[in-house]
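Asks: Submitted below is the structure of interest, expressed as structure tokens.
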Amino acid sequence: MSLTWSFSSTLSPGDRLEVLALFNHLDEQLQREAIDENIRRKVIHGVGADHWLQTTDHRIVGYAQSWAGREPSVEIAGGRADEHLVSLLKQHYESKSVLHWTRDGVVIPGTTIVRELLLLEINLPTTNHKLPEGFEVREFERGKDEERWLRQNNRSFAHHPEQGQWDEMTLAQRTSEPWFDPSGFFLIERDSKIVASCWTKIHELSRERLGEIYVISVDPDSQGLGLGLAALNLGLDSIRRRGVQRAQLFVDADNVSAVRMYEKRGFVRIRTDYLLQFS
């Protein structure tokens with residue numbers, strides 16, 4: 001059986017459906033999402049991207065998406081690594097190195113770990129989300145809060161490679177998704193200024209309905225006031241009230257203070273994903 005990778009900047013309608021079927025098959029096989037949400041969204045919505053299709057006998061058996069940067073990056077559906085694809089990417093981008101996401105703790109000898117991402121989960125308890133004195137909480141309102149929330153979020157994630165670069169279009173796309181529920185998106189304010197927030201998501205189509213702390217952040221000027229834990233508890237309570245028994249979140253391993261807070265709260269490590277540098 002000969003396996004070949006080929007590049008395309010767009011997917012035909014037939015290829016798009018075949019790739020989505022591959023994602024669904026891998027989701028079921030792995031009992032988790034097969035590929036990053038942002039990559040899946042581009043396939044679902046037919047957005048142009050750097051698509052790589054692995055085929056045999058004219059059937060798509062593998063899918064990857066790459067993107068340019070100071071170093072090109074790639075993720076393969078399922079979370080595996082493929083050194084042949086890495087070689088193709090080096091040629092395609094004329095780069096001496098490639099960054100490659102792997103899931104489920106996969107590390108390739110001879111590569112450098114650039115980033116370590118932890119998946120944490122918790123069985124949902126009843127929480128006490130009392131806010132520190134002087135702060136108020138309310139739900140996000142579309143058409144009113146976009147600009148102010150983006151300012152708070154991007155300040156909070158100023159040095160984060162993905163989360164700190166959101167713009168109005170990014171936010172509009174997310175809040176237009178079928179899963180979006182404003183009753184699970186909380187803003188913590190002081191003097192009418194957003195100082196912290198917690199945005200939750202329910203994975204309705206997974207085998208087990210899981211809740212996710214989708215985005216949680218505290219403005220740099222309001223750190224150390226207990227707002228991170230308060231925002232977390234608001235999110236967990238919201239997920240539990242919607243009939244979900246387990247919640248998850250992703251956090252970078254080098255964010256030591258956040259990891260410590262989550263583990264103290266009762267989260268346990270389920271999986272480690274790596275961003276590997278192939279030189």
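So you can find residues: chains in the structure tokens are A, B, ... in the order shown, residues in each start at 1, and ligands are numbered from 1 in order.
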Enumerate the residues of stretch 107-168 of chain A with a DSSP assignment of helix (DSSP H, G or I), computed from the backbone, and present them as a list in words.
Replies: Glu146, Glu147, Arg148, Trp149, Leu150, Arg151, Gln152, Asn153, Asn154, Arg155, Ser156, Gln163, Gly164, Gln165 and Glu168 of chain A
Asks: Do a neighbour search on A:Trp67 at 8 Å with only C-alpha atoms, toss out local chain neighbours closer than 5 positions, and write the hits as a short mmCIF file (atom, residue, chain, number, x, y, z; two decimals) with C-alpha atoms, in the first residue's frame.
Replies:
data_model
loop_
_atom_site.label_atom_id
_atom_site.label_comp_id
_atom_site.auth_asym_id
_atom_site.auth_seq_id
_atom_site.Cartn_x
_atom_site.Cartn_y
_atom_site.Cartn_z
CA ALA A 49 -5.59 26.96 4.11
CA ASP A 50 -2.46 24.88 3.63
CA PRO A 72 6.23 26.61 9.66
CA SER A 73 3.94 24.54 11.89
CA VAL A 74 1.77 21.49 11.26
#
Asks: Do you have the atom CA of A:Glu75-atom CA of A:His160 distance handy?
Replies: 18.5 Å
Asks: When distances are computed from only C-alpha atoms, which of A:Phe186, A:Phe180, A:Phe267, A:Trp149 shows the smallest separation from A:Trp166?
Replies: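 Nearest candidate to A:Trp166 out of A:Phe186, A:Phe180, A:Phe267, A:Trp149: A:Trp149.
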Asks: With the cut-off set at 7 Å and counting only C-alpha atoms, tabulate each residue of stretch 76-176 of chain A with an atom at most that distance from an atom of stretch 221-241 of chain A, showing the nearest atom pair and its distance in Å to one decimal, ordered by chain and increasing number, as CSV.
Replies:
residue,atom,partner,partner_atom,distance
A:Leu124,CA,A:Arg240,CA,6.4
A:Thr126,CA,A:Asp237,CA,6.7
A:Thr127,CA,A:Asn233,CA,6.0
A:Asn128,CA,A:Asn233,CA,6.7
A:His129,CA,A:Asn233,CA,5.2
A:Lys130,CA,A:Ala230,CA,6.7
A:Leu131,CA,A:Ala230,CA,6.0
Asks: Please identify the strand (DSSP E or B) residues within stretch 5-245 of chain A (assignment by DSSP from backbone atoms) and present them as a PyMOL selection string.
Replies: chain A and resi 5-8+50-56+59-67+73-76+98-102+112-123+136-139+185-190+193-203+210-218
Asks: With distances taken over only C-alpha atoms, which residue among A:Trp199, A:Glu177, A:Val259, A:Val114 lies nearest A:Arg41?
Replies: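 Selected residue with least distance to A:Arg41: A:Glu177.
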Asks: Would you mind listing what lies within 12 Å of stretch 93-101 of chain A as an mmCIF file with N, CA and C atoms, in the first residue's frame, with only C-alpha atoms counted and same-chain residues fewer than 5 positions away left out?
Replies:
data_model
loop_
_atom_site.group_PDB
_atom_site.id
_atom_site.type_symbol
_atom_site.label_atom_id
_atom_site.label_comp_id
_atom_site.auth_asym_id
_atom_site.auth_seq_id
_atom_site.Cartn_x
_atom_site.Cartn_y
_atom_site.Cartn_z
ATOM 1 N N PHE A 7 -0.306 18.506 -1.491
ATOM 2 C CA PHE A 7 -0.685 19.820 -0.970
ATOM 3 C C PHE A 7 -1.829 20.402 -1.777
ATOM 4 N N ILE A 35 -8.411 16.669 16.093
ATOM 5 C CA ILE A 35 -7.546 17.755 15.631
ATOM 6 C C ILE A 35 -7.989 19.059 16.277
ATOM 7 N N ASP A 36 -7.111 20.015 16.291
ATOM 8 C CA ASP A 36 -7.383 21.307 16.917
ATOM 9 C C ASP A 36 -8.648 21.949 16.352
ATOM 10 N N ASP A 50 -3.474 25.791 4.142
ATOM 11 C CA ASP A 50 -2.455 24.876 3.627
ATOM 12 C C ASP A 50 -2.842 23.459 4.034
ATOM 13 N N ALA A 64 -3.548 16.725 7.231
ATOM 14 C CA ALA A 64 -2.754 17.642 8.048
ATOM 15 C C ALA A 64 -3.006 19.056 7.558
ATOM 16 N N GLN A 65 -2.778 20.004 8.440
ATOM 17 C CA GLN A 65 -2.850 21.410 8.050
ATOM 18 C C GLN A 65 -1.611 22.104 8.577
ATOM 19 N N SER A 66 -1.001 22.901 7.739
ATOM 20 C CA SER A 66 0.209 23.623 8.131
ATOM 21 C C SER A 66 -0.044 25.116 7.995
ATOM 22 N N TRP A 67 0.814 25.905 8.626
ATOM 23 C CA TRP A 67 0.697 27.353 8.535
ATOM 24 C C TRP A 67 2.089 27.956 8.679
ATOM 25 N N ALA A 68 2.271 29.089 8.000
ATOM 26 C CA ALA A 68 3.571 29.747 7.979
ATOM 27 C C ALA A 68 3.771 30.562 9.251
ATOM 28 N N GLY A 69 5.010 30.900 9.513
ATOM 29 C CA GLY A 69 5.405 31.706 10.662
ATOM 30 C C GLY A 69 6.910 31.843 10.612
ATOM 31 N N ARG A 70 7.505 32.264 11.730
ATOM 32 C CA ARG A 70 8.969 32.274 11.737
ATOM 33 C C ARG A 70 9.496 30.890 11.454
ATOM 34 N N GLU A 71 8.754 29.883 11.916
ATOM 35 C CA GLU A 71 8.973 28.497 11.531
ATOM 36 C C GLU A 71 7.619 27.929 11.128
ATOM 37 N N PRO A 72 7.524 27.216 10.013
ATOM 38 C CA PRO A 72 6.233 26.610 9.662
ATOM 39 C C PRO A 72 5.817 25.586 10.701
ATOM 40 N N SER A 73 4.491 25.468 10.904
ATOM 41 C CA SER A 73 3.943 24.542 11.894
ATOM 42 C C SER A 73 2.937 23.629 11.222
ATOM 43 N N VAL A 74 2.699 22.463 11.838
ATOM 44 C CA VAL A 74 1.772 21.493 11.264
ATOM 45 C C VAL A 74 1.137 20.665 12.366
ATOM 46 N N GLU A 75 -0.098 20.201 12.108
ATOM 47 C CA GLU A 75 -0.720 19.196 12.950
ATOM 48 C C GLU A 75 -1.409 18.184 12.049
ATOM 49 N N ILE A 76 -1.256 16.895 12.359
ATOM 50 C CA ILE A 76 -1.884 15.813 11.623
ATOM 51 C C ILE A 76 -3.094 15.331 12.417
ATOM 52 N N ALA A 77 -4.195 15.092 11.728
ATOM 53 C CA ALA A 77 -5.385 14.551 12.392
ATOM 54 C C ALA A 77 -5.033 13.248 13.093
ATOM 55 N N GLY A 78 -5.377 13.173 14.369
ATOM 56 C CA GLY A 78 -5.040 12.020 15.190
ATOM 57 C C GLY A 78 -3.902 12.297 16.145
ATOM 58 N N GLY A 79 -3.064 13.300 15.818
ATOM 59 C CA GLY A 79 -1.997 13.698 16.725
ATOM 60 C C GLY A 79 -0.688 12.983 16.547
ATOM 61 N N ARG A 80 -0.526 12.211 15.464
ATOM 62 C CA ARG A 80 0.724 11.489 15.244
ATOM 63 C C ARG A 80 1.751 12.414 14.591
ATOM 64 N N ALA A 81 2.955 11.924 14.455
ATOM 65 C CA ALA A 81 4.016 12.653 13.763
ATOM 66 C C ALA A 81 4.380 11.910 12.483
ATOM 67 N N ASP A 82 4.869 12.635 11.490
ATOM 68 C CA ASP A 82 5.240 12.029 10.217
ATOM 69 C C ASP A 82 6.480 12.755 9.690
ATOM 70 N N GLU A 83 7.608 12.089 9.747
ATOM 71 C CA GLU A 83 8.860 12.726 9.353
ATOM 72 C C GLU A 83 8.934 12.945 7.848
ATOM 73 N N HIS A 84 8.237 12.123 7.064
ATOM 74 C CA HIS A 84 8.207 12.365 5.621
ATOM 75 C C HIS A 84 7.477 13.672 5.320
ATOM 76 N N LEU A 85 6.356 13.913 6.010
ATOM 77 C CA LEU A 85 5.645 15.168 5.828
ATOM 78 C C LEU A 85 6.512 16.341 6.260
ATOM 79 N N VAL A 86 7.271 16.184 7.330
ATOM 80 C CA VAL A 86 8.180 17.241 7.774
ATOM 81 C C VAL A 86 9.145 17.606 6.658
ATOM 82 N N SER A 87 9.694 16.614 5.984
ATOM 83 C CA SER A 87 10.616 16.880 4.866
ATOM 84 C C SER A 87 9.925 17.664 3.756
ATOM 85 N N LEU A 88 8.679 17.295 3.459
ATOM 86 C CA LEU A 88 7.929 18.015 2.431
ATOM 87 C C LEU A 88 7.679 19.461 2.840
ATOM 88 N N VAL A 106 3.176 11.982 22.686
ATOM 89 C CA VAL A 106 4.115 11.496 21.668
ATOM 90 C C VAL A 106 5.298 12.443 21.547
ATOM 91 N N VAL A 107 6.500 11.918 21.786
ATOM 92 C CA VAL A 107 7.734 12.678 21.610
ATOM 93 C C VAL A 107 8.641 11.889 20.667
ATOM 94 N N ILE A 108 9.232 12.566 19.687
ATOM 95 C CA ILE A 108 10.085 11.918 18.692
ATOM 96 C C ILE A 108 11.546 12.138 19.069
ATOM 97 N N THR A 111 14.134 15.409 18.454
ATOM 98 C CA THR A 111 13.436 16.688 18.325
ATOM 99 C C THR A 111 13.573 17.486 19.625
ATOM 100 N N THR A 112 13.227 18.757 19.552
ATOM 101 C CA THR A 112 13.252 19.637 20.718
ATOM 102 C C THR A 112 11.827 19.985 21.117
ATOM 103 N N ILE A 113 11.513 19.832 22.393
ATOM 104 C CA ILE A 113 10.181 20.209 22.882
ATOM 105 C C ILE A 113 10.137 21.726 23.033
ATOM 106 N N VAL A 114 9.276 22.362 22.232
ATOM 107 C CA VAL A 114 9.139 23.812 22.240
ATOM 108 C C VAL A 114 8.026 24.252 23.179
ATOM 109 N N ARG A 115 6.993 23.428 23.251
ATOM 110 C CA ARG A 115 5.830 23.783 24.074
ATOM 111 C C ARG A 115 5.195 22.516 24.601
ATOM 112 N N GLU A 116 4.700 22.579 25.833
ATOM 113 C CA GLU A 116 4.058 21.438 26.479
ATOM 114 C C GLU A 116 2.688 21.895 26.953
ATOM 115 N N LEU A 117 1.643 21.268 26.416
ATOM 116 C CA LEU A 117 0.280 21.664 26.712
ATOM 117 C C LEU A 117 -0.416 20.560 27.490
ATOM 118 N N THR A 272 -0.878 14.993 27.845
ATOM 119 C CA THR A 272 0.119 16.009 27.530
ATOM 120 C C THR A 272 0.324 16.030 26.018
ATOM 121 N N ASP A 273 0.215 17.218 25.425
ATOM 122 C CA ASP A 273 0.485 17.411 24.008
ATOM 123 C C ASP A 273 1.779 18.210 23.875
ATOM 124 N N TYR A 274 2.489 17.962 22.780
ATOM 125 C CA TYR A 274 3.779 18.622 22.595
ATOM 126 C C TYR A 274 3.854 19.339 21.253
ATOM 127 N N LEU A 275 4.533 20.455 21.260
ATOM 128 C CA LEU A 275 4.959 21.107 20.031
ATOM 129 C C LEU A 275 6.437 20.816 19.882
ATOM 130 N N LEU A 276 6.773 20.018 18.863
ATOM 131 C CA LEU A 276 8.140 19.549 18.658
ATOM 132 C C LEU A 276 8.801 20.300 17.519
ATOM 133 N N GLN A 277 10.074 20.586 17.678
ATOM 134 C CA GLN A 277 10.834 21.216 16.595
ATOM 135 C C GLN A 277 11.676 20.151 15.899
ATOM 136 N N PHE A 278 11.420 19.980 14.619
ATOM 137 C CA PHE A 278 12.234 19.119 13.767
ATOM 138 C C PHE A 278 13.240 20.005 13.036
ATOM 139 N N SER A 279 14.516 19.819 13.295
ATOM 140 C CA SER A 279 15.556 20.633 12.652
ATOM 141 C C SER A 279 16.290 19.817 11.604
#
Asks: Pick from A:Ala158, A:Ile122, A:Phe185, A:Gln163: nearest to A:Arg246, with only C-alpha atoms counted?
Replies: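 Ranking A:Ala158, A:Ile122, A:Phe185, A:Gln163 by distance to A:Arg246, first place goes to A:Ile122.
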Asks: Quick one: of A:Ser8, A:Gln31, A:Ser257, A:Gln54, who's nearest to A:Ser206, counting only C-alpha atoms?
Replies: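 Of A:Ser8, A:Gln31, A:Ser257, A:Gln54, the one nearest A:Ser206, counting only C-alpha atoms, is A:Gln31.
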Asks: Excluding same-chain residues fewer than 6 positions from A:Leu119, what lies within 10 Å of it counting only C-alpha atoms, as number ranges by chain?
Replies: A: 104, 248-253, 267-273
Asks: Go through A:Arg242, A:His58, A:Arg174, A:His51 one by one, measure the shortest atom-to-atom distance of each to A:Arg209 using only C-alpha atoms, and give the residue with the smallest value.
Replies: A:Arg242
Asks: Tell me which of A:Leu205, A:Ala172, A:Gly62, A:Phe135 sits closest to A:Glu33, counting only C-alpha atoms.
Replies: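 Closest candidate: A:Leu205.
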Asks: If I take atom CA of A:Tyr63 and atom CA of A:Ile39, how far is one from the other in Å, to one decimal?
Replies: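 If I compute the distance from atom CA of A:Tyr63 to atom CA of A:Ile39, I get 10.5 Å.
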Asks: Find the distance between atom CA of A:Arg260 and atom CA of A:Ala196 and write it in Å to one decimal.
Replies: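 According to the coordinates, atom CA of A:Arg260 and atom CA of A:Ala196 are separated by 18.7 Å.
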